[in-house]
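K.L.:
final12.cif is reproduced below (mmCIF, C-alpha atoms and all ligand atoms).
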data_work
loop_
_atom_site.label_atom_id
_atom_site.label_comp_id
_atom_site.auth_asym_id
_atom_site.auth_seq_id
_atom_site.Cartn_x
_atom_site.Cartn_y
_atom_site.Cartn_z
CA MET A 749 0.00 0.00 0.00
CA GLN A 750 1.18 3.48 -0.77
CA THR A 751 1.51 6.00 1.98
CA ASP A 752 -0.47 9.09 1.19
CA VAL A 753 1.31 12.10 2.58
CA ARG A 754 -1.94 13.98 2.52
CA THR A 755 -3.24 11.73 5.36
CA ALA A 756 -0.82 13.45 7.70
CA PRO A 757 -1.92 17.08 7.43
CA GLY A 758 0.27 19.67 9.00
CA THR A 759 3.26 17.36 9.36
CA ILE A 760 5.55 19.86 7.77
CA SER A 761 4.16 23.02 9.24
CA SER A 762 3.99 21.58 12.77
CA ALA A 763 7.66 20.55 12.75
CA PRO A 764 9.82 22.71 15.05
CA ALA A 765 11.56 25.50 13.23
CA PRO A 766 15.22 24.58 12.55
CA PRO A 767 17.84 26.79 14.20
CA SER A 768 18.95 29.45 11.78
CA ALA A 769 22.48 28.92 10.53
CA VAL A 770 22.39 31.91 8.20
CA GLY A 771 23.30 35.09 9.98
CA GLY A 772 22.05 33.71 13.30
CA THR A 773 23.87 32.30 16.30
CA ARG A 774 24.74 28.62 16.15
CA PRO A 775 23.57 26.47 19.05
CA ALA A 776 26.44 25.71 21.45
CA THR A 777 26.35 21.97 20.74
CA PRO A 778 24.88 21.10 17.38
CA PRO A 779 22.56 18.09 17.52
CA PRO A 780 23.94 14.98 15.79
CA PRO A 781 22.68 14.99 12.21
CA ALA A 782 20.30 12.32 11.04
CA SER A 783 22.30 11.53 7.89
CA PRO A 784 23.75 7.99 8.05
CA GLY A 785 26.83 9.00 6.04
CA PHE A 786 27.78 12.26 7.70
CA PRO A 787 30.36 13.24 8.92
CA THR A 788 32.31 10.66 6.89
CA VAL A 789 30.51 11.58 3.71
CA ARG A 790 30.76 15.22 2.71
CA LEU A 791 29.65 16.06 -0.82
CA ARG A 792 31.06 19.58 -0.54
CA ARG A 793 34.62 18.19 -0.75
CA LEU A 794 34.38 18.02 -4.53
CA ARG A 795 32.93 21.52 -4.78
CA ARG A 796 35.83 23.36 -3.13
CA THR A 797 37.65 24.74 -6.17
CA ASP A 798 36.84 25.51 -9.74
CA ALA A 799 39.32 22.88 -10.94
CA LEU A 800 37.67 20.19 -8.81
CA ARG A 801 34.25 21.23 -10.00
CA ARG A 802 35.41 21.00 -13.59
CA LEU A 803 36.78 17.50 -13.01
CA VAL A 804 33.50 16.14 -11.67
CA ARG A 805 31.19 18.06 -14.01
CA GLU A 806 28.69 15.59 -15.51
CA THR A 807 27.23 17.65 -18.33
CA THR A 808 29.01 19.69 -20.94
CA LEU A 809 27.70 22.44 -23.13
CA ALA A 810 29.77 22.90 -26.23
CA VAL A 811 29.30 24.91 -29.37
CA ASP A 812 29.50 21.59 -31.25
CA ASP A 813 26.07 20.72 -29.86
CA LEU A 814 24.30 23.79 -31.21
CA ILE A 815 22.23 24.57 -34.28
CA LEU A 816 21.35 28.18 -35.18
CA PRO A 817 18.01 29.01 -36.87
CA LEU A 818 18.10 31.73 -39.55
CA PHE A 819 15.30 33.56 -41.37
CA VAL A 820 15.77 34.34 -45.05
CA ALA A 821 13.76 37.01 -46.88
CA PRO A 822 13.55 38.36 -50.45
CA GLY A 823 15.37 41.50 -51.55
CA ARG A 824 18.89 42.87 -51.27
CA GLY A 825 20.62 44.49 -48.33
CA VAL A 826 17.76 43.44 -46.08
CA ARG A 827 18.53 42.93 -42.41
CA GLU A 828 15.12 43.51 -40.85
CA PRO A 829 15.32 43.15 -37.07
CA ILE A 830 12.76 40.87 -35.43
CA ALA A 831 11.37 42.96 -32.58
CA SER A 832 10.54 40.10 -30.21
CA MET A 833 13.85 38.33 -30.88
CA PRO A 834 16.62 40.87 -30.23
CA GLY A 835 19.80 39.97 -32.07
CA HIS A 836 17.91 38.20 -34.86
CA ALA A 837 16.79 39.57 -38.21
CA GLN A 838 15.22 38.54 -41.47
CA LEU A 839 18.12 38.39 -43.91
CA SER A 840 18.26 38.71 -47.67
CA LEU A 841 20.61 36.35 -49.50
CA ASP A 842 23.54 38.81 -49.60
CA GLU A 843 23.23 39.43 -45.86
CA LEU A 844 22.88 35.69 -45.29
CA ALA A 845 26.25 35.24 -47.00
CA HIS A 846 27.91 37.54 -44.39
CA GLU A 847 26.00 35.94 -41.57
CA VAL A 848 26.95 32.34 -42.33
CA ARG A 849 30.63 33.21 -42.67
CA GLU A 850 30.46 34.71 -39.19
CA VAL A 851 28.55 31.70 -37.86
CA ARG A 852 31.15 29.36 -39.33
CA ASP A 853 34.03 31.44 -37.94
CA LEU A 854 32.44 31.29 -34.48
CA GLY A 855 32.53 27.49 -34.67
CA VAL A 856 28.78 26.85 -34.75
CA PRO A 857 28.49 23.66 -36.83
CA ALA A 858 24.97 23.92 -38.26
CA VAL A 859 22.21 26.28 -39.34
CA LEU A 860 18.48 25.61 -39.72
CA LEU A 861 16.92 27.66 -42.52
CA PHE A 862 13.44 29.19 -42.61
CA GLY A 863 12.17 31.15 -45.59
CA LEU A 864 9.81 34.06 -46.12
CA PRO A 865 8.50 33.70 -49.68
CA SER A 866 7.78 36.64 -51.98
CA ARG A 867 4.24 35.38 -52.44
CA LYS A 868 1.92 32.98 -50.70
CA ASP A 869 -0.86 30.83 -52.12
CA PRO A 870 -3.24 28.17 -50.76
CA LEU A 871 -0.90 25.31 -51.73
CA GLY A 872 2.29 27.01 -50.58
CA SER A 873 3.94 26.51 -53.95
CA GLU A 874 7.10 28.51 -53.21
CA ALA A 875 7.93 25.87 -50.58
CA TYR A 876 8.77 23.39 -53.35
CA ASP A 877 9.88 25.82 -56.06
CA PRO A 878 13.43 24.84 -57.13
CA HIS A 879 14.25 28.57 -57.05
CA GLY A 880 12.26 29.45 -53.94
CA ILE A 881 13.74 31.49 -51.15
CA VAL A 882 15.03 28.56 -49.07
CA GLN A 883 16.41 26.71 -52.09
CA GLU A 884 18.43 29.83 -53.01
CA ALA A 885 19.45 30.28 -49.38
CA ILE A 886 20.82 26.73 -49.30
CA ARG A 887 22.97 27.52 -52.37
CA THR A 888 24.16 30.74 -50.73
CA VAL A 889 25.26 28.97 -47.56
CA LYS A 890 26.96 26.22 -49.51
CA GLU A 891 28.84 28.81 -51.54
CA HIS A 892 29.97 31.05 -48.69
CA ALA A 893 30.37 28.65 -45.76
CA PRO A 894 30.56 25.13 -47.20
CA GLU A 895 31.74 23.73 -43.85
CA LEU A 896 28.36 24.38 -42.25
CA VAL A 897 25.77 21.63 -42.01
CA VAL A 898 22.73 23.07 -43.78
CA MET A 899 19.46 21.92 -42.27
CA THR A 900 16.08 23.03 -43.55
CA ASP A 901 12.70 23.21 -41.89
CA VAL A 902 10.23 21.37 -44.10
CA CYS A 903 6.77 22.88 -43.66
CA LEU A 904 4.18 24.81 -45.62
CA CYS A 905 2.97 27.35 -43.06
CA GLU A 906 5.33 30.16 -44.13
CA TYR A 907 4.23 29.66 -47.75
CA THR A 908 0.47 29.18 -47.54
CA SER A 909 -1.91 32.13 -47.70
CA HIS A 910 -3.93 30.63 -44.82
CA GLY A 911 -0.82 30.06 -42.70
CA HIS A 912 -1.52 26.39 -41.97
CA CYS A 913 1.04 23.61 -42.32
CA GLY A 914 -0.86 21.68 -44.97
CA VAL A 915 -3.56 21.64 -47.62
CA VAL A 916 -6.82 23.10 -46.31
CA GLU A 917 -10.16 21.76 -47.49
CA ASP A 918 -13.46 22.46 -45.76
CA GLY A 919 -11.60 24.43 -43.11
CA TYR A 920 -9.56 21.38 -42.12
CA VAL A 921 -5.90 20.60 -42.74
CA GLN A 922 -5.91 17.47 -44.90
CA ASN A 923 -3.24 14.96 -43.97
CA ASP A 924 -2.66 12.74 -46.97
CA PRO A 925 -2.74 15.36 -49.76
CA THR A 926 -0.17 17.33 -47.73
CA LEU A 927 2.32 14.45 -47.69
CA GLU A 928 2.99 14.76 -51.40
CA LEU A 929 3.79 18.49 -51.09
CA LEU A 930 6.04 17.93 -48.09
CA ALA A 931 7.96 15.21 -49.92
CA GLN A 932 8.36 17.54 -52.91
CA THR A 933 9.55 20.33 -50.61
CA ALA A 934 12.11 18.12 -48.89
CA LEU A 935 13.40 16.82 -52.22
CA SER A 936 13.76 20.36 -53.60
CA HIS A 937 15.84 21.30 -50.55
CA VAL A 938 18.12 18.30 -50.96
CA GLU A 939 18.49 18.95 -54.68
CA ALA A 940 19.56 22.51 -53.83
CA GLY A 941 22.23 21.10 -51.52
CA ALA A 942 20.68 20.72 -48.05
CA ASP A 943 22.56 18.24 -45.86
CA LEU A 944 19.55 17.30 -43.76
CA VAL A 945 15.80 17.96 -43.83
CA ALA A 946 13.61 18.52 -40.78
CA PRO A 947 9.84 18.14 -41.26
CA SER A 948 7.95 20.24 -38.69
CA ASP A 949 4.36 19.97 -39.91
CA MET A 950 3.13 17.07 -37.71
CA MET A 951 1.19 15.29 -40.47
CA ASP A 952 0.93 11.55 -39.92
CA GLY A 953 3.24 9.57 -42.16
CA ARG A 954 5.39 12.44 -43.37
CA VAL A 955 8.74 11.00 -42.35
CA GLY A 956 8.03 7.88 -44.38
CA ALA A 957 6.76 9.91 -47.34
CA ILE A 958 9.90 12.08 -47.34
CA ARG A 959 12.19 9.06 -46.89
CA ARG A 960 10.63 7.31 -49.90
CA ALA A 961 10.88 10.43 -52.06
CA LEU A 962 14.54 11.00 -51.17
CA ASP A 963 15.45 7.35 -51.70
CA ALA A 964 13.68 7.22 -55.06
CA ALA A 965 15.62 10.28 -56.23
CA GLY A 966 18.98 8.82 -55.21
CA TYR A 967 19.36 10.59 -51.84
CA ALA A 968 19.32 7.54 -49.61
CA ASP A 969 22.20 9.03 -47.60
CA THR A 970 20.47 12.28 -46.62
CA PRO A 971 19.29 12.15 -43.00
CA ILE A 972 15.91 13.24 -41.66
CA LEU A 973 15.53 15.07 -38.36
CA ALA A 974 11.90 14.56 -37.37
CA TYR A 975 10.14 17.20 -35.29
CA ALA A 976 8.71 14.09 -33.63
CA ALA A 977 7.11 15.43 -30.46
CA LYS A 978 6.06 18.91 -31.45
CA PHE A 979 3.47 20.55 -29.26
CA ALA A 980 0.85 23.19 -30.06
CA SER A 981 2.69 25.79 -28.02
CA ALA A 982 2.30 29.46 -27.18
CA PHE A 983 6.09 29.58 -27.00
CA TYR A 984 6.16 29.87 -30.83
CA GLY A 985 4.70 33.40 -30.68
CA PRO A 986 7.84 35.40 -31.59
CA PHE A 987 8.73 32.93 -34.37
CA ARG A 988 5.44 33.54 -36.10
CA GLU A 989 6.32 37.22 -36.29
CA ALA A 990 9.81 36.32 -37.52
CA ALA A 991 8.58 33.89 -40.17
CA ASP A 992 5.24 35.59 -40.87
CA SER A 993 3.57 32.21 -40.42
CA ALA A 994 0.66 32.75 -38.04
CA PRO A 995 -2.46 30.77 -39.04
CA GLN A 996 -5.08 33.08 -40.56
CA PHE A 997 -7.91 31.14 -38.93
CA GLY A 998 -8.07 28.75 -36.01
CA ASP A 999 -4.93 27.28 -34.51
CA ARG A 1000 -2.66 24.26 -34.97
CA ARG A 1001 -4.19 22.00 -32.33
CA ALA A 1002 -5.67 19.60 -34.87
CA TYR A 1003 -2.16 18.55 -35.92
CA GLN A 1004 0.40 19.67 -33.32
CA MET A 1005 0.29 17.85 -29.99
CA ASP A 1006 -1.64 18.67 -26.84
CA PRO A 1007 0.89 19.97 -24.26
CA ALA A 1008 -0.67 17.66 -21.68
CA ASN A 1009 0.29 14.42 -23.42
CA ALA A 1010 3.51 12.52 -22.74
CA ARG A 1011 2.58 8.92 -23.66
CA GLU A 1012 1.29 10.14 -26.99
CA ALA A 1013 4.59 11.97 -27.54
CA LEU A 1014 6.45 8.69 -27.11
CA ARG A 1015 4.17 7.09 -29.70
CA GLU A 1016 4.95 9.94 -32.09
CA VAL A 1017 8.67 9.34 -31.61
CA GLU A 1018 8.27 5.58 -32.03
CA LEU A 1019 6.41 6.03 -35.31
CA ASP A 1020 8.93 8.50 -36.70
CA VAL A 1021 11.74 6.11 -35.84
CA ALA A 1022 9.87 3.29 -37.60
CA GLU A 1023 9.39 5.53 -40.65
CA GLY A 1024 13.11 6.13 -40.87
CA ALA A 1025 13.93 9.26 -38.83
CA ASP A 1026 17.66 9.55 -38.13
CA LEU A 1027 17.32 12.06 -35.29
CA VAL A 1028 14.24 12.95 -33.25
CA MET A 1029 13.23 16.26 -31.77
CA VAL A 1030 11.29 17.40 -28.75
CA LYS A 1031 9.90 20.91 -29.12
CA PRO A 1032 9.67 23.24 -27.21
CA ALA A 1033 12.47 22.35 -24.79
CA LEU A 1034 12.12 23.89 -21.35
CA ALA A 1035 8.52 23.04 -20.54
CA TYR A 1036 9.05 19.52 -21.97
CA LEU A 1037 12.28 18.34 -20.33
CA ASP A 1038 10.54 15.23 -18.99
CA LEU A 1039 10.08 14.15 -22.59
CA VAL A 1040 13.65 14.94 -23.56
CA TRP A 1041 14.65 12.58 -20.77
CA ARG A 1042 12.14 9.85 -21.59
CA VAL A 1043 12.98 9.89 -25.30
CA ARG A 1044 16.69 9.72 -24.44
CA GLU A 1045 16.10 6.73 -22.16
CA ARG A 1046 13.87 4.83 -24.52
CA PHE A 1047 15.41 5.39 -27.96
CA GLY A 1048 18.95 4.97 -29.20
CA LEU A 1049 19.09 7.74 -31.79
CA PRO A 1050 20.28 11.31 -31.23
CA VAL A 1051 17.79 13.53 -29.42
CA VAL A 1052 17.46 17.16 -30.45
CA ALA A 1053 15.70 19.76 -28.31
CA TYR A 1054 14.42 22.97 -29.89
CA SER A 1055 14.63 25.83 -27.44
CA VAL A 1056 12.07 27.93 -29.25
CA SER A 1057 11.54 31.61 -29.89
CA GLY A 1058 9.43 32.26 -26.78
CA GLU A 1059 12.09 30.73 -24.55
CA TYR A 1060 14.64 33.07 -26.12
CA ALA A 1061 12.42 36.13 -26.01
CA MET A 1062 11.68 35.74 -22.29
CA VAL A 1063 15.36 35.63 -21.37
CA LYS A 1064 16.20 38.54 -23.68
CA ALA A 1065 13.37 40.70 -22.36
CA ALA A 1066 14.09 40.11 -18.69
CA GLY A 1067 17.80 40.57 -19.39
CA GLN A 1068 17.20 43.91 -21.10
CA LEU A 1069 15.14 45.06 -18.12
CA GLY A 1070 18.06 44.17 -15.87
CA TRP A 1071 15.91 41.68 -13.98
CA ILE A 1072 18.10 38.67 -14.69
CA ASP A 1073 21.63 37.97 -15.86
CA GLU A 1074 20.98 37.01 -19.49
CA ARG A 1075 24.22 35.17 -20.05
CA ALA A 1076 24.12 33.16 -16.83
CA ILE A 1077 20.45 32.25 -17.35
CA ALA A 1078 20.93 31.24 -20.97
CA LEU A 1079 23.90 29.01 -20.15
CA GLU A 1080 22.06 27.46 -17.20
CA GLN A 1081 18.98 26.73 -19.29
CA LEU A 1082 20.98 25.20 -22.12
CA THR A 1083 22.97 23.09 -19.66
CA GLY A 1084 19.69 21.92 -18.17
CA ILE A 1085 18.44 20.88 -21.59
CA ARG A 1086 21.65 18.92 -22.15
CA ARG A 1087 21.44 17.37 -18.67
CA ALA A 1088 17.88 16.23 -19.43
CA GLY A 1089 19.32 14.22 -22.31
CA ALA A 1090 19.46 16.37 -25.42
CA ASP A 1091 22.42 15.60 -27.64
CA LEU A 1092 21.84 18.68 -29.76
CA ILE A 1093 20.05 21.95 -29.11
CA ILE A 1094 18.53 24.27 -31.66
CA THR A 1095 18.90 27.69 -30.04
CA TYR A 1096 18.78 31.36 -30.99
CA PHE A 1097 21.63 31.80 -28.49
CA ALA A 1098 24.05 29.70 -30.57
CA LYS A 1099 26.28 32.63 -31.60
CA ASP A 1100 26.23 34.12 -28.10
CA VAL A 1101 27.17 30.79 -26.57
CA ALA A 1102 30.06 30.44 -29.02
CA ARG A 1103 31.34 33.84 -27.85
CA TRP A 1104 30.69 33.17 -24.17
CA LEU A 1105 32.47 29.83 -24.27
CA GLY A 1106 35.30 31.40 -26.23
CA ALA A 1107 35.11 28.82 -28.98
C1 LIG B 1 6.88 25.66 -38.69
C2 LIG B 1 7.67 25.91 -37.45
C3 LIG B 1 7.34 26.65 -36.31
C4 LIG B 1 8.47 26.67 -35.50
C5 LIG B 1 9.44 25.92 -36.15
N1 LIG B 1 8.91 25.44 -37.34
C6 LIG B 1 6.11 27.41 -35.98
C7 LIG B 1 4.83 26.72 -35.75
O1 LIG B 1 4.76 25.49 -35.76
O2 LIG B 1 3.86 27.42 -35.60
C8 LIG B 1 8.62 27.39 -34.19
C9 LIG B 1 10.03 27.73 -33.79
C10 LIG B 1 10.17 28.74 -32.71
O3 LIG B 1 9.21 29.20 -32.06
O4 LIG B 1 11.33 29.11 -32.44
N2 LIG B 1 5.79 24.84 -38.55
#
Any chance you could give the structure as structure tokens?
P.N.:
Amino acid sequence: MQTDVRTAPGTISSAPAPPSAVGGTRPATPPPPASPGFPTVRLRRLRRTDALRRLVRETTLAVDDLILPLFVAPGRGVREPIASMPGHAQLSLDELAHEVREVRDLGVPAVLLFGLPSRKDPLGSEAYDPHGIVQEAIRTVKEHAPELVVMTDVCLCEYTSHGHCGVVEDGYVQNDPTLELLAQTALSHVEAGADLVAPSDMMDGRVGAIRRALDAAGYADTPILAYAAKFASAFYGPFREAADSAPQFGDRRAYQMDPANAREALREVELDVAEGADLVMVKPALAYLDLVWRVRERFGLPVVAYSVSGEYAMVKAAGQLGWIDERAIALEQLTGIRRAGADLIITYFAKDVARWLGA
């Protein structure tokens, strides 16, 4: 039988107040502590100096683990700041060329590209146009910083006039007709030179559909990073300004996951693995660290956590107000995401971290 702590009301509050050790007077003879190990066992011994702490540190945060998202827009000389994401901007291709050289020089190994098309339509046709904005951006990165791993977000929401991630009929996002467009989009990215594609739409069966399309076109070696457990989250708010991808009616809850569901998230991951995903993602990161951990424990493939725009914006805003120490908080959060089990982190702090860690 389980003991229910609630059957002993007031246990905690009725306990005698402990003597204050902070700023108060110590009792003349301290009572023997209850710990069975103490005084032989003292965990503080390994915390005494920075060098000791470094030796016993369990989790590392390195620039090698980070992926930087970038937003690419039409035009020339465009570097349009994103108000809710200080330090980030929509970049035209010429500005992207400067940016990716800097990213490469800082040691960040990978970028994740998002595109703002010059026109939108109900079927999101610029998403799979061989000369669409992302396809050109891929070529630009490959030309100016060929060492970078170029990842692309595969989705229709930035390209559709209604802002949903798939084909809309009767006010509903249709799953199966969307698969064909997603596969075409992924293939067009790989043909333009993308090293890896990352479907973020949450249609059922899309990893398999993309895998088949890539294999049939001779790209059996191109990996897929599945946004496997992607939740319908308010933390995407700033991104939708950045990528101009807010749904024009309704919301995404009929395809992205309910934030309350963990078992279902594990099923999503299991299915994406079965369909051929090479890496799996949990998104957002901070409010979903339990899932990062459970996915890490249960599956053998690399786990990626996406620390999304809202997570970035909150730290930036509070930092700018002087309410928190931006750098310390960002590093602590990212370390926490790694400690929870993420192998890789997609973060808008990637360049900052590279500078902070002196990479
Ligand atoms: C596209 C997509 C979104 C994000 C990544 N890919 C937005 C959404 O699903 O509405 C969010 C990323 C972020 O907030 O940083 N579907």
K.L.:
Excluding region 887-897 of chain A and its own-chain neighbours fewer than 3 positions away, which residues fall within 7 Å of it when counting only C-alpha atoms? Please give them as a ChimeraX atom specification.
P.N.:
/A:841,845,848-849,852,857-859,883-884,940-941,943
K.L.:
Box for ligand LIG 1 (chain B): with edges along x, y and z, all listed atoms inside and 6 Å added on each side, what are the centre and edge lengths in Å to one decimal, as JSON?
P.N.:
{"center_x": 7.6, "center_y": 27.0, "center_z": -35.4, "size_x": 19.5, "size_y": 16.4, "size_z": 18.6}
K.L.:
Per residue of chain A within 9 Å of ligand LIG 1 (chain B), record the nearest atom pair and its distance in Å to one decimal, counting all atoms listed in the file, with rows in chain order and ascending residue number, as JSON lines.
P.N.:
{"residue": "A:Pro817", "atom": "CA", "partner": "B:LIG1", "partner_atom": "O4", "distance": 8.0}
{"residue": "A:Phe862", "atom": "CA", "partner": "B:LIG1", "partner_atom": "N1", "distance": 7.9}
{"residue": "A:Asp901", "atom": "CA", "partner": "B:LIG1", "partner_atom": "N1", "distance": 6.3}
{"residue": "A:Val902", "atom": "CA", "partner": "B:LIG1", "partner_atom": "C1", "distance": 7.7}
{"residue": "A:Cys903", "atom": "CA", "partner": "B:LIG1", "partner_atom": "N2", "distance": 5.6}
{"residue": "A:Leu904", "atom": "CA", "partner": "B:LIG1", "partner_atom": "N2", "distance": 7.3}
{"residue": "A:Cys905", "atom": "CA", "partner": "B:LIG1", "partner_atom": "N2", "distance": 5.9}
{"residue": "A:Glu906", "atom": "CA", "partner": "B:LIG1", "partner_atom": "C1", "distance": 7.2}
{"residue": "A:Gly911", "atom": "CA", "partner": "B:LIG1", "partner_atom": "O2", "distance": 8.9}
{"residue": "A:His912", "atom": "CA", "partner": "B:LIG1", "partner_atom": "N2", "distance": 8.2}
{"residue": "A:Cys913", "atom": "CA", "partner": "B:LIG1", "partner_atom": "N2", "distance": 6.2}
{"residue": "A:Pro947", "atom": "CA", "partner": "B:LIG1", "partner_atom": "N2", "distance": 8.3}
{"residue": "A:Ser948", "atom": "CA", "partner": "B:LIG1", "partner_atom": "N2", "distance": 5.1}
{"residue": "A:Asp949", "atom": "CA", "partner": "B:LIG1", "partner_atom": "N2", "distance": 5.3}
{"residue": "A:Met950", "atom": "CA", "partner": "B:LIG1", "partner_atom": "N2", "distance": 8.3}
{"residue": "A:Tyr975", "atom": "CA", "partner": "B:LIG1", "partner_atom": "N1", "distance": 8.6}
{"residue": "A:Lys978", "atom": "CA", "partner": "B:LIG1", "partner_atom": "O1", "distance": 8.0}
{"residue": "A:Phe979", "atom": "CA", "partner": "B:LIG1", "partner_atom": "O1", "distance": 8.3}
{"residue": "A:Ala980", "atom": "CA", "partner": "B:LIG1", "partner_atom": "O1", "distance": 7.3}
{"residue": "A:Ser981", "atom": "CA", "partner": "B:LIG1", "partner_atom": "O2", "distance": 7.8}
{"residue": "A:Ala982", "atom": "CA", "partner": "B:LIG1", "partner_atom": "O3", "distance": 8.5}
{"residue": "A:Phe983", "atom": "CA", "partner": "B:LIG1", "partner_atom": "O3", "distance": 6.0}
{"residue": "A:Tyr984", "atom": "CA", "partner": "B:LIG1", "partner_atom": "O3", "distance": 3.4}
{"residue": "A:Gly985", "atom": "CA", "partner": "B:LIG1", "partner_atom": "O3", "distance": 6.3}
{"residue": "A:Pro986", "atom": "CA", "partner": "B:LIG1", "partner_atom": "O3", "distance": 6.4}
{"residue": "A:Phe987", "atom": "CA", "partner": "B:LIG1", "partner_atom": "O3", "distance": 4.4}
{"residue": "A:Arg988", "atom": "CA", "partner": "B:LIG1", "partner_atom": "C6", "distance": 6.2}
{"residue": "A:Ala990", "atom": "CA", "partner": "B:LIG1", "partner_atom": "O4", "distance": 8.9}
{"residue": "A:Ala991", "atom": "CA", "partner": "B:LIG1", "partner_atom": "C6", "distance": 8.1}
{"residue": "A:Ser993", "atom": "CA", "partner": "B:LIG1", "partner_atom": "O2", "distance": 6.8}
{"residue": "A:Ala994", "atom": "CA", "partner": "B:LIG1", "partner_atom": "O2", "distance": 6.7}
{"residue": "A:Pro995", "atom": "CA", "partner": "B:LIG1", "partner_atom": "O2", "distance": 7.9}
{"residue": "A:Asp999", "atom": "CA", "partner": "B:LIG1", "partner_atom": "O2", "distance": 8.9}
{"residue": "A:Arg1000", "atom": "CA", "partner": "B:LIG1", "partner_atom": "O2", "distance": 7.3}
{"residue": "A:Gln1004", "atom": "CA", "partner": "B:LIG1", "partner_atom": "O1", "distance": 7.7}
{"residue": "A:Lys1031", "atom": "CA", "partner": "B:LIG1", "partner_atom": "C9", "distance": 8.3}
{"residue": "A:Pro1032", "atom": "CA", "partner": "B:LIG1", "partner_atom": "O3", "distance": 7.7}
{"residue": "A:Tyr1054", "atom": "CA", "partner": "B:LIG1", "partner_atom": "O4", "distance": 7.3}
{"residue": "A:Ser1055", "atom": "CA", "partner": "B:LIG1", "partner_atom": "O4", "distance": 6.8}
{"residue": "A:Val1056", "atom": "CA", "partner": "B:LIG1", "partner_atom": "O4", "distance": 3.5}
{"residue": "A:Ser1057", "atom": "CA", "partner": "B:LIG1", "partner_atom": "O4", "distance": 3.6}
{"residue": "A:Gly1058", "atom": "CA", "partner": "B:LIG1", "partner_atom": "O3", "distance": 6.1}
{"residue": "A:Glu1059", "atom": "CA", "partner": "B:LIG1", "partner_atom": "O4", "distance": 8.1}
{"residue": "A:Tyr1060", "atom": "CA", "partner": "B:LIG1", "partner_atom": "O4", "distance": 8.2}
{"residue": "A:Ile1094", "atom": "CA", "partner": "B:LIG1", "partner_atom": "O4", "distance": 8.7}
{"residue": "A:Thr1095", "atom": "CA", "partner": "B:LIG1", "partner_atom": "O4", "distance": 8.1}
{"residue": "A:Tyr1096", "atom": "CA", "partner": "B:LIG1", "partner_atom": "O4", "distance": 7.9}
K.L.:
Please compute the CA of Val921 (chain A)-CA of Met1005 (chain A) distance, one decimal, in Å.
P.N.:
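Taking CA of Val921 (chain A) as the start and CA of Met1005 (chain A) as the end point, the length is 14.4 Å.
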K.L.:
What is the CA of Pro925 (chain A)-CA of Val898 (chain A) distance in Å, reported with one decimal?
P.N.:
27.3 Å
K.L.:
Restricting the calculation to all atoms listed in the file, which member of A:Leu1037, A:Glu1018, A:Asn1009, A:Leu844 is positioned closest to Ala1088 (chain A)?
P.N.:
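The shortest atom-to-atom distance to Ala1088 (chain A) comes from A:Leu1037.
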K.L.:
One decimal, Å: what's the distance from CA of Ala875 (chain A) over to CA of Gly914 (chain A), could you say?
P.N.:
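Separation of CA of Ala875 (chain A) and CA of Gly914 (chain A): 11.2 Å.
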K.L.:
I'd like to know which of A:Asp1026, A:Gln996, A:Leu929, A:Glu847 is closest to Ala976 (chain A), using all atoms listed in the file.
P.N.:
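Looking only at the distances to Ala976 (chain A), the closest residue turns out to be A:Asp1026.
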K.L.:
Counting only C-alpha atoms, figure out which residue out of A:Ala1098, A:Leu1039, A:Ala799, A:Leu1014 gets nearest to Leu860 (chain A).
P.N.:
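Looking only at the distances to Leu860 (chain A), the closest residue turns out to be A:Ala1098.
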K.L.:
Region 1099-1102 of chain A: which residues within 10 Å, counting all atoms listed in the file, same-chain residues fewer than 4 positions away excluded, as a PDB file with C-alpha atoms, in the coordinates of the input?
P.N.:
ATOM      1  CA  LEU A 809      27.700  22.440 -23.130  1.00  0.00           C
ATOM      2  CA  ALA A 810      29.770  22.900 -26.230  1.00  0.00           C
ATOM      3  CA  VAL A 811      29.300  24.910 -29.370  1.00  0.00           C
ATOM      4  CA  ASP A 812      29.500  21.590 -31.250  1.00  0.00           C
ATOM      5  CA  LEU A 814      24.300  23.790 -31.210  1.00  0.00           C
ATOM      6  CA  ILE A 815      22.230  24.570 -34.280  1.00  0.00           C
ATOM      7  CA  LEU A 816      21.350  28.180 -35.180  1.00  0.00           C
ATOM      8  CA  GLY A 835      19.800  39.970 -32.070  1.00  0.00           C
ATOM      9  CA  GLU A 850      30.460  34.710 -39.190  1.00  0.00           C
ATOM     10  CA  VAL A 851      28.550  31.700 -37.860  1.00  0.00           C
ATOM     11  CA  ARG A 852      31.150  29.360 -39.330  1.00  0.00           C
ATOM     12  CA  ASP A 853      34.030  31.440 -37.940  1.00  0.00           C
ATOM     13  CA  LEU A 854      32.440  31.290 -34.480  1.00  0.00           C
ATOM     14  CA  GLY A 855      32.530  27.490 -34.670  1.00  0.00           C
ATOM     15  CA  VAL A 856      28.780  26.850 -34.750  1.00  0.00           C
ATOM     16  CA  ARG A1075      24.220  35.170 -20.050  1.00  0.00           C
ATOM     17  CA  ALA A1078      20.930  31.240 -20.970  1.00  0.00           C
ATOM     18  CA  LEU A1079      23.900  29.010 -20.150  1.00  0.00           C
ATOM     19  CA  LEU A1082      20.980  25.200 -22.120  1.00  0.00           C
ATOM     20  CA  THR A1095      18.900  27.690 -30.040  1.00  0.00           C
ATOM     21  CA  GLY A1106      35.300  31.400 -26.230  1.00  0.00           C
ATOM     22  CA  ALA A1107      35.110  28.820 -28.980  1.00  0.00           C
TER      23      ALA A1107
END
K.L.:
Residues within 10 Å of Ala957 (chain A), please, as a ChimeraX atom specification. Count all atoms listed in the file; anything in the same chain fewer than 3 positions from it doesn't count.
P.N.:
/A:924,927-932,934,952-954,960-962,1023-1024
K.L.:
Would you please work out which residue, of A:Ala942, A:Ala1008, A:Leu1019, A:Ala1013, is nearest to Gly956 (chain A) when using only C-alpha atoms?
P.N.:
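Closest to Gly956 (chain A), using only C-alpha atoms: A:Leu1019.
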